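Participant: Quick one: the structure is below, and I'll ask about it shortly.
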Amino acid sequence: MMAVYIDQEICKGCEICVHYCPKNVLEMAADVNKRGFNYSSVVRPEDCIQCKLCEKMCPDLAIYVEKE
Amino acid sequence: MIKQNPQRKHIRDDKLPHFFCPGCGCGQVLNYFLRAVDEENINLDEMVTIGGVGCTARIPVYLKTDTLHGVHGRTLAWATGIKLHKPEIPIVIFAGDGDLASIGGNHFIHAARRNLDVTVILVNNLNFAMTGGQVAPSTPSELKTMTAPYGNKEPDFDICKLAIAAGATYVSRWTTDRPNQVIKGIKDAMKHKGFSLIEIISQCPTHFGRYALDSGNPQVLLDWIKDLTLTKTQADKLTAQEQKGKFIIGEFIKEDKPVYTGSSVYKEACQ
Ligand SMILES: Cc1ncc(C[n+]2csc(CCOP(=O)(O)OP(=O)(O)O)c2C)c(N)n1
Ligand code: SF4
Ligand code: SF4
């Protein structure tokens with residue numbers, strides 16, 4: 001089951017989550033959201049170790065990592 | 001179905017996305033504060049948060065607390081009034097370095113001297129951000145800003161040392177790229193009885209990064225801050241000259257002293 005949720009409509013595309021994720025789970029999407037920001041997306045959910053670094057460091061409160 | 005970060009229950013959700021630029025440290029401090037509140041089961045309904053003017057000062061605008069947002073540099077004057085009238089109300093102030101170390105400098109010194117029982121979360125983004133990136137008392141020497149195109153020729157302030165010298169009873173400094181330490185620091189500052197200051201060195205990619213580092217990329221700024229960061233233990237082994245230009249992090253003071261309660265004449269007048 002996928003555990004990382006990203007609210008792509010409030011993501012501003014700063015890429016902090018992509019940079020700090022120790023497992024390379026996240027990548028920037030090719031698409032933009034309705035405000036024109038290139039958003040972050042979950043591409044390798046199976047690699048997530050649920051460290052919550054992305055959720056904690058997101059300046060926009062856009063990420064939620066659900067502990068299974 | 002997209003599940004949302006549960007911390008968002010503490011904020012005025014309809015105001016998201018917030019006003020901060022992409023990758024701004026103010027957003028991270030908002031996130032760290034909410035986490036500290038959650039972990040300590042703090043009831044935001046009972047709290048007053050205060051911001052002056054500036055990007056940092058907008059953090060309280062998003063919180064489901066009673067909030068004051070208004071005059072640049074005067075957060076501690078308001079806090080003093082509230083505390084004298086209702087000492088049981090917990091107060092958290094979100095202030096920029098310009099707000100408290102510059103225009104509000106005198107309020108800062110005297111609130112610390114009195115050991116007013118408030119928590120100050122000072123987001124030091126090393127410039128006056130909201131007004132376009134002017135040089136501030138906290139801007140490191142020799143760096144360029146919008147108003148210091150040949151580099152800042154003034155020495156910068158060590159805000160933590162200033163607070164300790166004035167009489168603050170809890171003082172620590174962290175950086176935005178250390179979430180766990182910032183969250184713990186905010187919790188400790190809120191639990192401490194007396195004047196608590198947590199200074200958080202933070203990235204303003206839009207103005208500080210653009211002029212000082214020629215880059216608006218938040219990661220460039222975060223890495224620059226990280227490279228200049230020393231823990232207190234590391235710094236203690238160095239000379240004053242070697243410590244120059246570094247961000248020294250850690251808890252610097254934590255002590256119990258009587259808190260300011262005003263004069264009895266005032267209290268009687270209120271009754
Ligand atoms: C009395 C007064 N003087 C000047 C200003 C203009 N002003 C608005 S924000 C600001 C600087 C904010 O800098 P800081 O407190 O460091 O916050 P930041 O925006 O960097 O987070 C200034 C000088 C003002 N609003 N009120
Ligand atoms: S929880 Fe940790 S491992 Fe999982 S996506 Fe976030 S940063 Fe990566
Ligand atoms: S101007 Fe700087 S401090 Fe203000 S919101 Fe933008 S990045 Fe943040």
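Ordering of the structure tokens sets the chain letters (A, B, ...), residue numbers begin anew at 1 in every chain, and ligands are numbered from 1 in the order given.
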Taking only C-alpha atoms and all ligand atoms into account, which residues have an atom no farther than 12 Å from ligand 3? I'd like them as a count of residues only.

Facilitator: 55

Participant: Residues within 7 Å of ligand 2 should be enumerated using only C-alpha atoms and all ligand atoms and returned as a list in words.

Facilitator: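 Using only C-alpha atoms and all ligand atoms, everything at most 7 Å from ligand 2 comes to Val4, Cys17, Tyr20, Cys21, Pro22, Lys23, Asn24, Val25, Leu26, Asp47, Cys48, Ile49, Gln50, Cys51, Lys52, Leu53, Cys54, Glu55 and Val65 of chain A.
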
Participant: Taking into account only C-alpha atoms, which residue in the set B:Asp38, B:Glu199, B:Asp223, B:Asp214 is nearest to His19 of chain A?

Facilitator: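 Smallest separation from His19 of chain A among the options: B:Asp223.
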
Participant: Need the shell around segment 247-251 of chain B: protein/DNA/RNA residues with any atom at most 8 Å away, counting only C-alpha atoms. Skip same-chain ones fewer than 4 positions apart. Format as a list of chain:residue names?

Facilitator: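 Residues near the query, excluding close chain neighbours: B:Val171, B:Ser172, B:Arg173, B:Trp174, B:Thr175, B:Ile201, B:Ile225, B:Leu228, B:Thr229, B:Leu230, B:Thr231, B:Lys232, B:Ala235.
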
Participant: Using only C-alpha atoms, determine which residues lie at most 8 Å from Asp177 of chain B, disregarding the query and same-chain residues fewer than 2 positions distant; provide the list as an mmCIF file with C-alpha atoms, in the first residue's frame.

Facilitator:
data_model
loop_
_atom_site.group_PDB
_atom_site.id
_atom_site.type_symbol
_atom_site.label_atom_id
_atom_site.label_comp_id
_atom_site.auth_asym_id
_atom_site.auth_seq_id
_atom_site.Cartn_x
_atom_site.Cartn_y
_atom_site.Cartn_z
ATOM 1 C CA MET A 57 10.721 19.449 6.025
ATOM 2 C CA THR B 175 19.169 25.770 11.457
ATOM 3 C CA PRO B 179 14.101 19.332 11.727
ATOM 4 C CA LEU B 222 20.544 25.351 2.700
ATOM 5 C CA LYS B 226 25.071 23.739 6.505
#

Participant: Quick one: everything within 9 Å of Ile10 of chain A, counting only C-alpha atoms, minus sequence neighbours fewer than 6 positions away in the same chain. Send it as a ChimeraX atom specification.

Facilitator: /A:33,35,37,39,60-62 /B:16-18

Participant: Write out as a list in words all residues of segment 5-45 of chain A that DSSP puts in helix (DSSP H, G or I) for this structure's backbone.

Facilitator: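 In segment 5-45 of chain A, DSSP puts these residues in helix (DSSP H, G or I): Ile16, Cys17, Val18, His19, Tyr20 and Pro45 of chain A.
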
Participant: Would you return as a list in words the members of chain A that DSSP assigns to strand (DSSP E or B) on this structure's backbone?

Facilitator: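 Taking chain A and keeping strand (DSSP E or B) only, one gets Val4, Tyr5, Ile6, Leu26, Glu27, Met28, Ala29, Ala30, Asp31, Val32, Asn38, Tyr39, Ser40, Ser41, Val42, Ile63, Tyr64 and Val65 of chain A.
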
Participant: To one decimal place in Å, what is the distance between atom CA of Glu9 of chain A and atom CA of Gly52 of chain B?

Facilitator: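 We find that atom CA of Glu9 of chain A and atom CA of Gly52 of chain B lie 29.3 Å from each other.
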
Participant: Can you tell me which residues surround Glu46 of chain B at a distance of at most 9 Å, considering only C-alpha atoms, apart from same-chain residues fewer than 2 positions away, and format the answer as number ranges by chain?

Facilitator: B: 42-44, 48, 65-66, 89-90

Participant: Taking 4 positions as the minimum chain separation for residues in the same chain, which residues sit within 6 Å of Leu143 of chain B when counting only C-alpha atoms? Answer as a list of chain:residue names.

Facilitator: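 Residues meeting the cut-off are B:Gly151, B:Asn152, B:Ala212.
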
Participant: Atom CA of Thr169 of chain B and atom CA of Asp256 of chain B, how far apart in Å?

Facilitator: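 So the answer is 6.6 Å.
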
Participant: Ranking A:Ala29, A:Val42, A:Cys58, A:Glu68 by minimum distance to chain B and counting only C-alpha atoms, which one comes first?

Facilitator: A:Cys58

Participant: Quick one, how far is atom 9 (S, counted along the ligand's line) of ligand 1 from atom CA of Lys144 of chain B?

Facilitator: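 That distance, rounded to one decimal, is 19.1 Å.
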